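Trainee: Let me give you the structure first, and then I'll get to my questions.
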Amino acid sequence: SQKIEQNSEALNIQEGKTATLTCNYTNYSPAYLQWYRQDPGRGPVFLLLIRENEKEKRKERLKVTFDTTLKQSLFHITASQPADSATYLCALEVNNNNDMRFGAGTRLTVKP
Amino acid sequence: NAGVMQNPRHLVRRRGQEARLRCSPMKGHSHVYWYRQLPEEGLKFMVYLQKENIIDESGMPKERFSAEFPKEGPSILRIQQVVRGDSAAYFCASSPSMGTGIGYTFGSGTRLTVV
């Protein structure tokens with residue numbers, strides 16, 4: 001069956017450290033993968049997209065990797081801040097038409 | 001640009017009533033997606049629509065649920081004869097018609113409570 005799994009429901013780290021979130025998938029062959037941030041009571045907000053032919057993508061303090069052999073994406077936030085505390089969702093493209101399926105998310109808490 | 005507008009923000013219905021959730025996509029976006037989210041859970045895909053067409057409804061329950069995106073006006077997600085298990089947050093997202101790999105723009109959601 002098809003699965004999208006994100007590591008542990010919650011991740012707690014100290015301010016200034018690097019947060020690393022994992023997204024693993026099974027029985028999908030996405031042409032690209034996206035990461036979103038969701039705050040309580042709000043809709044998700046698009047952060048980054050990485051295509052299958054890209055190994056790594058960066059945007060400010062964010063870095064995403066995509067390994068199609070391992071079927072895994074890693075999402076890094078460097079120099080984390082309490083304001084980075086949120087739930088982060090990975091999403092895979094399916095059906096070659098911008099149709100996306102989401103993982104359950106990882107709730108990140110950055111402590112001062 | 002007002003973004004994706006969903007209304008109502010909160011909706012309370014008694015069991016057996018109908019719920020109608022509305023979504024106006026961003027200006028210029030012709031693709032609409034509906035997702036359902038339970039507390040502490042991820043987004044569950046329901047349906048993907050373009051103007052006047054259903055592209056993918058593989059996530060829609062077979063009964064009581066329907067969706068439309070008419071030529072004019074917002075997209076509507078309709079739930080007939082609601083039951084307690086329908087209580088959830090329903091999110092709508094939109095994307096432009098051109099290009100792939102473009103991130104979705106989400107609305108703030110409609111929180112449905114069935115009492």
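Residue numbers start at 1 in each chain; chains themselves are named A, B, ... in the order of the structure tokens; ligands are numbered from 1 in the order shown.
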Compile the residues of chain B that lie within 9 Å of chain A, evaluated using only C-alpha atoms, and express the compilation as an MDAnalysis selection string.
Mentor: chainID B and resid 33 40:45 48 56 91:93 95 99:109
Trainee: Run DSSP on the backbone and tell me which residues of chain B come out as strand (DSSP E or B); list them as an MDAnalysis selection string.
Mentor: chainID B and resid 5:7 10:13 19:24 29:37 43:50 53:56 65:68 75:79 88:96 105:106 110:114
Trainee: Using Å and a single decimal, report how far CA of Leu108 (chain A) sits from CA of Lys71 (chain A).
Mentor: 22.3 Å
Trainee: For Ile54 (chain B), please output as a short mmCIF file (atom, residue, chain, number, x, y, z; two decimals) with N, CA and C atoms, in the first residue's frame all residues within 12 Å (counting only C-alpha atoms; exclusion window: fewer than 6 positions along the same chain).
Mentor:
data_model
loop_
_atom_site.label_atom_id
_atom_site.label_comp_id
_atom_site.auth_asym_id
_atom_site.auth_seq_id
_atom_site.Cartn_x
_atom_site.Cartn_y
_atom_site.Cartn_z
N SER B 30 -7.41 28.11 -11.20
CA SER B 30 -8.56 27.34 -11.67
C SER B 30 -8.56 25.91 -11.15
N HIS B 31 -7.61 25.58 -10.27
CA HIS B 31 -7.56 24.23 -9.68
C HIS B 31 -7.87 24.35 -8.19
N VAL B 32 -8.78 23.54 -7.72
CA VAL B 32 -9.18 23.55 -6.32
C VAL B 32 -9.06 22.14 -5.75
N TYR B 33 -8.60 22.06 -4.51
CA TYR B 33 -8.40 20.79 -3.82
C TYR B 33 -9.05 20.89 -2.45
N TRP B 34 -9.73 19.84 -2.04
CA TRP B 34 -10.32 19.78 -0.70
C TRP B 34 -9.62 18.69 0.11
N MET B 46 -9.39 14.67 -0.37
CA MET B 46 -10.78 14.31 -0.67
C MET B 46 -11.04 14.39 -2.18
N VAL B 47 -10.84 15.58 -2.75
CA VAL B 47 -11.22 15.75 -4.15
C VAL B 47 -10.41 16.87 -4.78
N TYR B 48 -10.20 16.74 -6.11
CA TYR B 48 -9.46 17.72 -6.90
C TYR B 48 -10.36 18.12 -8.06
N MET B 60 -13.00 10.86 -1.76
CA MET B 60 -14.34 11.22 -1.29
C MET B 60 -15.09 9.98 -0.85
N SER B 66 -20.35 15.36 -1.71
CA SER B 66 -20.24 15.75 -3.11
C SER B 66 -19.50 17.08 -3.18
N ALA B 67 -18.93 17.35 -4.35
CA ALA B 67 -18.19 18.60 -4.53
C ALA B 67 -18.43 19.10 -5.94
N GLU B 68 -18.39 20.42 -6.07
CA GLU B 68 -18.52 21.02 -7.38
C GLU B 68 -17.69 22.29 -7.44
N PHE B 69 -17.35 22.68 -8.66
CA PHE B 69 -16.62 23.92 -8.90
C PHE B 69 -17.20 24.48 -10.19
N PRO B 70 -18.28 25.27 -10.06
CA PRO B 70 -18.98 25.74 -11.25
C PRO B 70 -18.18 26.79 -12.02
N SER B 75 -16.19 27.06 -5.16
CA SER B 75 -16.31 25.62 -5.07
C SER B 75 -17.12 25.30 -3.80
#
Trainee: Smallest atom-to-atom distance to Glu57 (chain B): which of B:Tyr35, B:Gly85, B:Pro74, B:Thr110, using only C-alpha atoms?
Mentor: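 Checking each of B:Tyr35, B:Gly85, B:Pro74, B:Thr110 against Glu57 (chain B), counting only C-alpha atoms, the winner is B:Tyr35.
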Trainee: Hey, can you check how far CA of Leu62 (chain A) sits from CA of Met5 (chain B)?
Mentor: 28.2 Å
